[in-house]
$ cat query.txt   # compact mmCIF, C-alpha atoms
# COMPACT_ATOMS: atom_id res chain seq x y z
CA MET A 1 0.00 0.00 0.00
CA SER A 2 1.59 3.34 -0.94
CA LYS A 3 2.12 6.22 1.45
CA GLN A 4 2.22 9.83 0.48
CA VAL A 5 2.47 13.33 1.92
CA THR A 6 0.97 16.31 0.22
CA ILE A 7 2.66 19.63 0.85
CA ASN A 8 0.47 22.65 0.71
CA GLN A 9 1.75 25.41 -1.58
CA SER A 10 1.57 27.84 1.35
CA PHE A 11 4.49 25.94 2.94
CA TYR A 12 6.88 27.41 0.39
CA GLY A 13 5.53 30.87 1.05
CA LYS A 14 6.14 30.44 4.78
CA LEU A 15 9.67 29.17 4.13
CA GLU A 16 10.44 32.19 2.00
CA LYS A 17 9.11 34.44 4.74
CA LEU A 18 11.41 32.74 7.27
CA GLU A 19 14.38 33.27 4.96
CA GLU A 20 13.55 36.96 4.67
CA MET A 21 13.33 37.26 8.45
CA ALA A 22 16.69 35.49 8.87
CA GLU A 23 18.25 37.81 6.32
CA GLU A 24 16.97 40.85 8.23
CA VAL A 25 18.45 39.53 11.48
CA ILE A 26 21.83 39.06 9.80
CA GLN A 27 21.69 42.52 8.27
CA ASP A 28 20.87 44.02 11.69
CA LYS A 29 23.85 42.20 13.21
CA LEU A 30 26.18 43.42 10.46
CA MET A 31 24.86 46.93 11.03
CA ASP A 32 25.67 46.64 14.77
CA ILE A 33 29.19 45.52 13.94
CA ALA A 34 29.60 48.38 11.47
CA GLU A 35 28.51 50.96 14.03
CA THR A 36 30.87 49.50 16.63
CA ALA A 37 33.80 49.57 14.19
CA VAL A 38 33.12 53.19 13.25
CA ASN A 39 32.52 54.39 16.82
CA LEU A 40 35.72 52.77 18.05
CA SER A 41 37.72 54.13 15.10
CA GLU A 42 36.67 57.77 15.27
CA ARG A 43 39.37 58.36 17.89
CA THR A 44 42.02 57.25 15.37
CA VAL A 45 41.10 59.83 12.74
CA ASP A 46 43.85 62.09 11.42
CA THR A 47 43.66 61.84 7.61
CA GLY A 48 40.69 59.47 7.77
CA ALA A 49 42.44 56.83 5.69
CA TYR A 50 42.05 54.07 8.29
CA ILE A 51 38.41 54.58 9.19
CA THR A 52 37.33 54.85 5.55
CA SER A 53 39.15 51.62 4.67
CA PHE A 54 36.63 49.36 6.43
CA SER A 55 34.58 47.07 4.24
CA PHE A 56 32.38 43.99 4.46
CA VAL A 57 33.28 41.35 1.90
CA PRO A 58 32.26 37.72 1.34
CA ALA A 59 34.72 35.44 3.18
CA GLY A 60 37.52 34.37 0.88
CA SER A 61 37.37 37.52 -1.22
CA SER A 62 40.53 39.61 -1.43
CA ALA A 63 38.56 42.78 -2.15
CA GLY A 64 38.01 45.73 0.15
CA ARG A 65 38.68 49.43 0.46
CA MET A 66 42.31 50.48 0.81
CA ARG A 67 43.12 54.12 1.54
CA THR A 68 46.62 55.28 2.29
CA SER A 69 47.32 58.31 4.45
CA ASN A 70 50.08 59.52 2.10
CA ASN A 71 49.47 62.97 0.62
CA LYS A 72 46.22 63.42 2.50
CA PRO A 73 45.37 66.43 4.65
CA THR A 74 45.56 65.80 8.37
CA GLY A 75 43.27 66.95 11.14
CA GLN A 76 40.10 65.72 9.47
CA SER A 77 36.78 65.68 11.31
CA PRO A 78 36.28 62.33 13.05
CA GLN A 79 32.50 62.62 12.67
CA ALA A 80 32.63 63.37 8.95
CA MET A 81 35.06 60.53 8.31
CA GLY A 82 32.96 58.26 10.51
CA ASP A 83 29.84 59.09 8.52
CA GLU A 84 31.65 58.33 5.28
CA ALA A 85 32.93 55.03 6.67
CA LEU A 86 29.51 53.98 7.91
CA GLY A 87 27.98 54.86 4.55
CA GLY A 88 30.46 52.58 2.83
CA LEU A 89 29.74 49.70 5.20
CA ILE A 90 25.97 50.10 4.80
CA SER A 91 26.40 49.99 1.06
CA ASP A 92 28.45 46.80 1.41
CA ILE A 93 25.75 45.17 3.56
CA LYS A 94 23.09 45.98 0.97
CA SER A 95 25.15 44.69 -1.92
CA ILE A 96 26.07 41.28 -0.44
CA ASP A 97 23.68 38.47 -1.35
CA LEU A 98 23.33 36.98 2.13
CA LYS A 99 21.41 33.94 0.89
CA ALA A 100 24.31 32.95 -1.35
CA THR A 101 27.16 34.02 0.97
CA PRO A 102 27.94 31.61 3.84
CA ARG A 103 30.28 34.03 5.67
CA VAL A 104 30.99 37.74 5.66
CA THR A 105 34.29 39.32 6.74
CA LEU A 106 34.88 42.78 8.17
CA ARG A 107 38.20 43.98 6.82
CA ASN A 108 40.42 47.03 6.90
CA ARG A 109 43.00 47.13 4.13
CA SER A 110 44.69 50.43 4.92
CA PRO A 111 48.49 49.95 4.80
CA HIS A 112 48.80 51.03 8.43
CA ALA A 113 45.93 48.92 9.80
CA ARG A 114 48.28 46.72 11.82
CA GLU A 115 49.97 49.74 13.37
CA VAL A 116 46.59 51.20 14.33
CA GLU A 117 45.63 47.87 15.91
CA ASP A 118 48.83 47.07 17.83
CA GLY A 119 50.77 50.32 18.03
CA LYS A 120 54.45 50.54 17.29
CA GLU A 121 57.69 50.21 19.23
CA VAL A 122 60.58 52.35 18.04
CA PRO A 123 63.81 51.40 19.86
CA ASN A 124 66.05 54.04 21.39
CA SER A 125 63.33 56.58 20.97
CA ARG A 126 60.73 58.11 23.22
CA TRP A 127 58.31 57.81 20.33
CA ARG A 128 56.06 54.84 20.70
CA LYS A 129 52.47 54.45 19.80
CA SER A 130 49.83 52.51 21.68
CA GLY A 131 47.49 50.38 19.66
CA TYR A 132 43.78 51.11 19.46
CA GLY A 133 42.78 47.45 19.46
CA ILE A 134 39.80 48.02 17.15
CA PHE A 135 39.32 44.47 15.89
CA ARG A 136 40.02 42.80 19.22
CA SER A 137 37.46 45.10 20.84
CA ILE A 138 34.90 44.27 18.14
CA ARG A 139 35.59 40.57 18.80
CA SER A 140 35.05 41.11 22.54
CA ILE A 141 31.75 42.94 22.01
CA HIS A 142 30.22 40.88 19.22
CA GLY A 143 31.82 37.48 19.70
CA MET B 1 38.94 58.89 43.40
CA GLY B 2 35.63 57.18 42.47
CA ASN B 3 35.02 53.60 41.50
CA SER B 4 38.29 51.66 41.29
CA VAL B 5 36.99 48.54 39.59
CA TYR B 6 39.01 49.05 36.40
CA ASN B 7 42.15 49.69 38.46
CA ASP B 8 41.52 46.44 40.35
CA ILE B 9 40.91 44.46 37.16
CA ARG B 10 44.13 45.76 35.64
CA ALA B 11 46.10 45.06 38.83
CA THR B 12 44.74 41.51 38.97
CA LEU B 13 45.59 40.69 35.37
CA GLU B 14 49.03 42.30 35.49
CA SER B 15 50.02 40.70 38.77
CA HIS B 16 48.95 37.30 37.47
CA LEU B 17 51.09 37.77 34.36
CA ALA B 18 54.05 38.97 36.42
CA GLY B 19 53.87 35.74 38.43
CA VAL B 20 54.37 33.47 35.41
CA VAL B 21 57.78 31.80 35.43
CA GLY B 22 59.94 32.12 32.34
CA LEU B 23 58.73 35.48 31.02
CA PRO B 24 61.06 38.36 30.13
CA ASP B 25 60.64 42.00 31.21
CA ILE B 26 57.09 43.32 31.09
CA PHE B 27 56.41 46.85 29.85
CA TYR B 28 53.25 48.36 31.27
CA GLU B 29 51.09 51.09 29.78
CA ASN B 30 52.23 54.68 30.00
CA VAL B 31 55.61 53.80 31.45
CA ASN B 32 58.58 55.43 29.75
CA LYS B 33 60.98 52.54 29.78
CA ASP B 34 62.92 51.52 26.70
CA PRO B 35 63.25 47.87 25.71
CA ILE B 36 66.82 46.76 25.05
CA VAL B 37 67.36 46.04 21.36
CA GLY B 38 68.18 42.40 20.84
CA GLN B 39 66.24 41.20 23.90
CA SER B 40 62.76 39.78 24.18
CA PHE B 41 60.11 41.56 26.20
CA LEU B 42 56.36 41.69 26.77
CA LYS B 43 54.11 44.70 26.43
CA VAL B 44 50.62 44.78 27.90
CA GLN B 45 47.54 46.81 27.08
CA MET B 46 44.04 46.66 28.54
CA PHE B 47 41.02 47.37 26.32
CA PRO B 48 37.84 47.75 28.40
CA THR B 49 34.90 47.21 26.04
CA ARG B 50 31.63 47.11 27.95
CA ARG B 51 30.14 47.85 31.34
CA ARG B 52 26.52 46.73 31.47
CA PRO B 53 24.01 45.78 34.18
CA ALA B 54 24.17 42.04 34.67
CA CYS B 55 20.43 41.75 35.27
CA ARG B 56 17.25 43.80 35.34
CA GLY B 57 15.93 45.54 38.41
CA SER B 58 17.27 48.16 40.76
CA SER B 59 20.91 48.27 41.87
CA PRO B 60 22.09 45.46 39.59
CA GLN B 61 25.65 44.23 39.55
CA GLN B 62 27.63 45.54 36.62
CA ARG B 63 29.43 43.20 34.24
CA TYR B 64 32.76 44.54 33.02
CA ASP B 65 34.03 43.09 29.72
CA GLY B 66 37.32 43.68 28.00
CA VAL B 67 40.46 42.36 26.38
CA PHE B 68 43.88 42.18 28.00
CA THR B 69 46.45 42.00 25.22
CA VAL B 70 49.99 40.76 25.79
CA TYR B 71 52.39 41.49 22.93
CA CYS B 72 55.27 38.97 22.95
CA TYR B 73 58.26 40.72 21.36
CA THR B 74 61.46 38.99 20.23
CA PRO B 75 64.36 40.22 18.09
CA GLU B 76 63.75 40.12 14.37
CA GLY B 77 65.47 37.43 12.32
CA ILE B 78 65.79 34.62 14.86
CA GLY B 79 62.82 32.59 13.74
CA PRO B 80 59.36 32.34 15.27
CA SER B 81 59.84 29.77 18.03
CA GLN B 82 60.93 32.13 20.81
CA ALA B 83 57.85 34.31 20.31
CA ASP B 84 55.69 31.21 19.98
CA ASP B 85 57.06 29.90 23.29
CA LEU B 86 56.27 33.18 25.05
CA ALA B 87 52.76 33.21 23.59
CA ASN B 88 52.22 29.63 24.77
CA LEU B 89 53.21 30.55 28.33
CA VAL B 90 50.79 33.47 28.35
CA ILE B 91 47.92 31.41 26.90
CA GLU B 92 48.46 28.65 29.46
CA ALA B 93 48.51 31.17 32.30
CA PHE B 94 45.15 32.63 31.23
CA ASP B 95 43.19 29.48 30.49
CA ALA B 96 39.58 29.95 29.45
CA THR B 97 36.94 29.41 32.18
CA THR B 98 39.48 30.03 34.97
CA ASP B 99 39.27 32.78 37.57
CA ILE B 100 42.18 35.09 38.33
CA THR B 101 42.61 36.65 41.76
CA HIS B 102 44.93 39.25 43.23
CA PRO B 103 47.04 38.60 46.36
CA THR B 104 45.52 41.52 48.29
CA LEU B 105 42.36 42.61 46.42
CA ILE B 106 40.21 39.83 47.83
CA ASP B 107 36.94 40.97 46.32
CA THR B 108 38.27 41.04 42.80
CA ILE B 109 37.80 37.90 40.73
CA VAL B 110 38.49 38.28 37.03
CA SER B 111 37.10 35.46 34.89
CA ILE B 112 38.82 34.46 31.69
CA GLU B 113 36.56 33.93 28.71
CA TYR B 114 39.23 33.11 26.14
CA ALA B 115 42.95 33.37 25.44
CA GLU B 116 44.02 33.23 21.83
CA ARG B 117 46.95 34.34 19.77
CA GLU B 118 47.29 36.06 16.45
CA GLN B 119 49.81 35.56 13.68
CA GLY B 120 53.43 36.66 14.20
CA ILE B 121 54.26 40.09 12.81
CA THR B 122 57.57 41.63 11.84
CA SER B 123 57.96 45.23 12.97
CA GLN B 124 61.64 46.11 12.64
CA PRO B 125 63.74 45.44 14.64
CA TYR B 126 61.25 43.14 16.37
CA TYR B 127 58.99 40.18 15.66
CA TYR B 128 55.95 39.92 17.89
CA VAL B 129 52.93 37.74 18.59
CA PRO B 130 49.84 39.35 20.18
CA VAL B 131 47.91 37.24 22.67
CA ASN B 132 44.36 38.43 23.41
CA VAL B 133 42.82 37.47 26.73
CA GLY B 134 39.09 38.09 26.89
CA PHE B 135 37.92 38.73 30.45
CA TYR B 136 34.84 39.68 32.45
CA HIS B 137 34.21 40.70 36.02
CA TYR B 138 31.11 41.32 38.12
CA ALA B 139 31.01 44.11 40.65
CA THR B 140 28.38 46.12 42.50

$ encode --input "query.txt" --output "structure tokens"
Amino acid sequence: MSKQVTINQSFYGKLEKLEEMAEEVIQDKLMDIAETAVNLSERTVDTGAYITSFSFVPAGSSAGRMRTSNNKPTGQSPQAMGDEALGGLISDIKSIDLKATPRVTLRNRSPHAREVEDGKEVPNSRWRKSGYGIFRSIRSIHG
Amino acid sequence: MGNSVYNDIRATLESHLAGVVGLPDIFYENVNKDPIVGQSFLKVQMFPTRRRPACRGSSPQQRYDGVFTVYCYTPEGIGPSQADDLANLVIEAFDATTDITHPTLIDTIVSIEYAEREQGITSQPYYYVPVNVGFYHYAT
């Protein structure tokens, strides 16, 4: 004797709705991470090259914004640079197909990103720079 | 002077690190002391991240979160193993799910959430490995 299950067409509609809800949750989380990254980085602003070099990319991609501080005016407004950085990250979030992308990476490709993160030791000199610990702080806050 | 919780957290973490056998000189924040070129050393930095009520209701305890980073510096050009060894000692001293206490600050218990290292980095004339220790602490 055969057995069968009939699936109502509305099931697929409900599944699609669940996928949309999941996508919104992920977008909200990425937005939180973006705001944290920008808020923490505003204190680093001089030329704005670092803060405006943040980007969200699909994991495995080598892409991402890269701004150098060479030949750029210093003393830029942290808020203005922060707004520009956040705008870029929001645009990244909107452009990534979250259904097709298993993982998303937050990246900063500015040439001096490591120095901003960890600081710098210069031997035999009073000049040393403390790191800002941006990514390790993001990791602590968002897991 | 105000609330000294952050001072106590820092003192607890730093004193615990200073008690680990086999570590070189430790350079603390905002201390003008020059490392000797050609010698290994550690540099520490505390990154407080959050201070939030631990529960709802009036007068809740606060949960303090943060990262205690130990940079393990060695001379450049001698290979990675010396820096790796230092990083291993630090990671073992701050094992996840353990509690760190201070010899005299009896009310301060700092809990370790994780201890993980990053890649080694060359920054002339040094090579260093950052170790990040995630911590949290509850206080009234």

$ atom_distance --input "query.txt" --atom1 "CA of Gly48 (chain A)" --atom2 "CA of Ser77 (chain A)"
8.1 Å

$ residues_around --input "query.txt" --residues "Gln82 (chain B)" --least-positions-apart "3" --cutoff "10 Å" --atoms "all atoms listed in the file" --output "list of chain:residue names"
B:Ser40, B:Cys72, B:Tyr73, B:Thr74, B:Pro75, B:Ile78, B:Gly79, B:Asp85, B:Leu86, B:Ala87, B:Asn88, B:Tyr127, B:Tyr128

$ interface_residues --input "query.txt" --of "chain B" --to "chain A" --cutoff "8 Å" --atoms "all atoms listed in the file" --output "list in words"
Asn32, Asp34, Pro35, Ile36, Val37, Phe47, Thr49, Arg50, Asp65, Gly66, Val67, Ser123, Pro125, Asn132 and Gly134 of chain B

$ write_last_selection --input "query.txt" --atoms "C-alpha atoms" --output "PDB file, keeping the file's coordinate frame"
ATOM      1  CA  ASN B  32      58.580  55.430  29.750  1.00  0.00           C
ATOM      2  CA  ASP B  34      62.920  51.520  26.700  1.00  0.00           C
ATOM      3  CA  PRO B  35      63.250  47.870  25.710  1.00  0.00           C
ATOM      4  CA  ILE B  36      66.820  46.760  25.050  1.00  0.00           C
ATOM      5  CA  VAL B  37      67.360  46.040  21.360  1.00  0.00           C
ATOM      6  CA  PHE B  47      41.020  47.370  26.320  1.00  0.00           C
ATOM      7  CA  THR B  49      34.900  47.210  26.040  1.00  0.00           C
ATOM      8  CA  ARG B  50      31.630  47.110  27.950  1.00  0.00           C
ATOM      9  CA  ASP B  65      34.030  43.090  29.720  1.00  0.00           C
ATOM     10  CA  GLY B  66      37.320  43.680  28.000  1.00  0.00           C
ATOM     11  CA  VAL B  67      40.460  42.360  26.380  1.00  0.00           C
ATOM     12  CA  SER B 123      57.960  45.230  12.970  1.00  0.00           C
ATOM     13  CA  PRO B 125      63.740  45.440  14.640  1.00  0.00           C
ATOM     14  CA  ASN B 132      44.360  38.430  23.410  1.00  0.00           C
ATOM     15  CA  GLY B 134      39.090  38.090  26.890  1.00  0.00           C
TER      16      GLY B 134
END

$ residues_around --input "query.txt" --residues "Leu86 (chain A)" --least-positions-apart "6" --cutoff "10 Å" --atoms "all atoms listed in the file" --output "list in words"
Met31, Ala34, Glu35, Thr36, Ala37, Val38, Asn39, Ile51, Thr52, Phe54, Ser55, Ala80 and Asp92 of chain A

$ atom_distance --input "query.txt" --atom1 "CA of Tyr12 (chain A)" --atom2 "CA of Ser95 (chain A)"
25.3 Å

$ atom_distance --input "query.txt" --atom1 "CA of Lys43 (chain B)" --atom2 "CA of His102 (chain B)"
19.9 Å

$ residues_near_point --input "query.txt" --point "(38.7, 28.7, 27.0)" --cutoff "12 Å" --atoms "only C-alpha atoms" --output "ChimeraX atom specification"
/B:91-99,111-116,132-135

$ closest_residue --input "query.txt" --among "A:Arg67, A:Asp83, A:Leu89, A:Ile26" --to "Pro102 (chain A)" --atoms "only C-alpha atoms"
A:Ile26

$ residues_around --input "query.txt" --residues "region 70-76 of chain A" --least-positions-apart "6" --cutoff "10 Å" --atoms "all atoms listed in the file" --output "list in words"
Val45, Asp46, Thr47, Gly48 and Ala49 of chain A

$ closest_residue --input "query.txt" --among "B:Thr12, B:Thr69, B:Gln45, B:Ser59" --to "Glu29 (chain B)" --atoms "all atoms listed in the file"
B:Gln45

$ residues_near_point --input "query.txt" --point "(21.4, 41.5, -0.6)" --cutoff "12 Å" --atoms "only C-alpha atoms" --output "list in words"
Glu20, Glu23, Glu24, Ile26, Gln27, Pro58, Ile90, Ser91, Asp92, Ile93, Lys94, Ser95, Ile96, Asp97, Leu98, Lys99, Ala100 and Thr101 of chain A

$ closest_residue --input "query.txt" --among "B:Ile26, B:Ile9, B:Val31, B:Leu89" --to "Asp107 (chain B)" --atoms "only C-alpha atoms"
B:Ile9

$ closest_residue --input "query.txt" --among "A:Met1, A:Asp28, A:Lys129, A:Gly143" --to "Val116 (chain A)" --atoms "all atoms listed in the file"
A:Lys129

$ residues_around --input "query.txt" --residues "Asp25 (chain B)" --least-positions-apart "2" --cutoff "8 Å" --atoms "only C-alpha atoms" --output "PyMOL selection string"
chain B and resi 23+27+40-42

$ residues_around --input "query.txt" --residues "Thr105 (chain A)" --least-positions-apart "4" --cutoff "7 Å" --atoms "all atoms listed in the file" --output "PyMOL selection string"
chain A and resi 56-59

$ closest_residue --input "query.txt" --among "A:Ala113, A:Leu15, A:Val104, A:Ala22" --to "Ala63 (chain A)" --atoms "all atoms listed in the file"
A:Val104
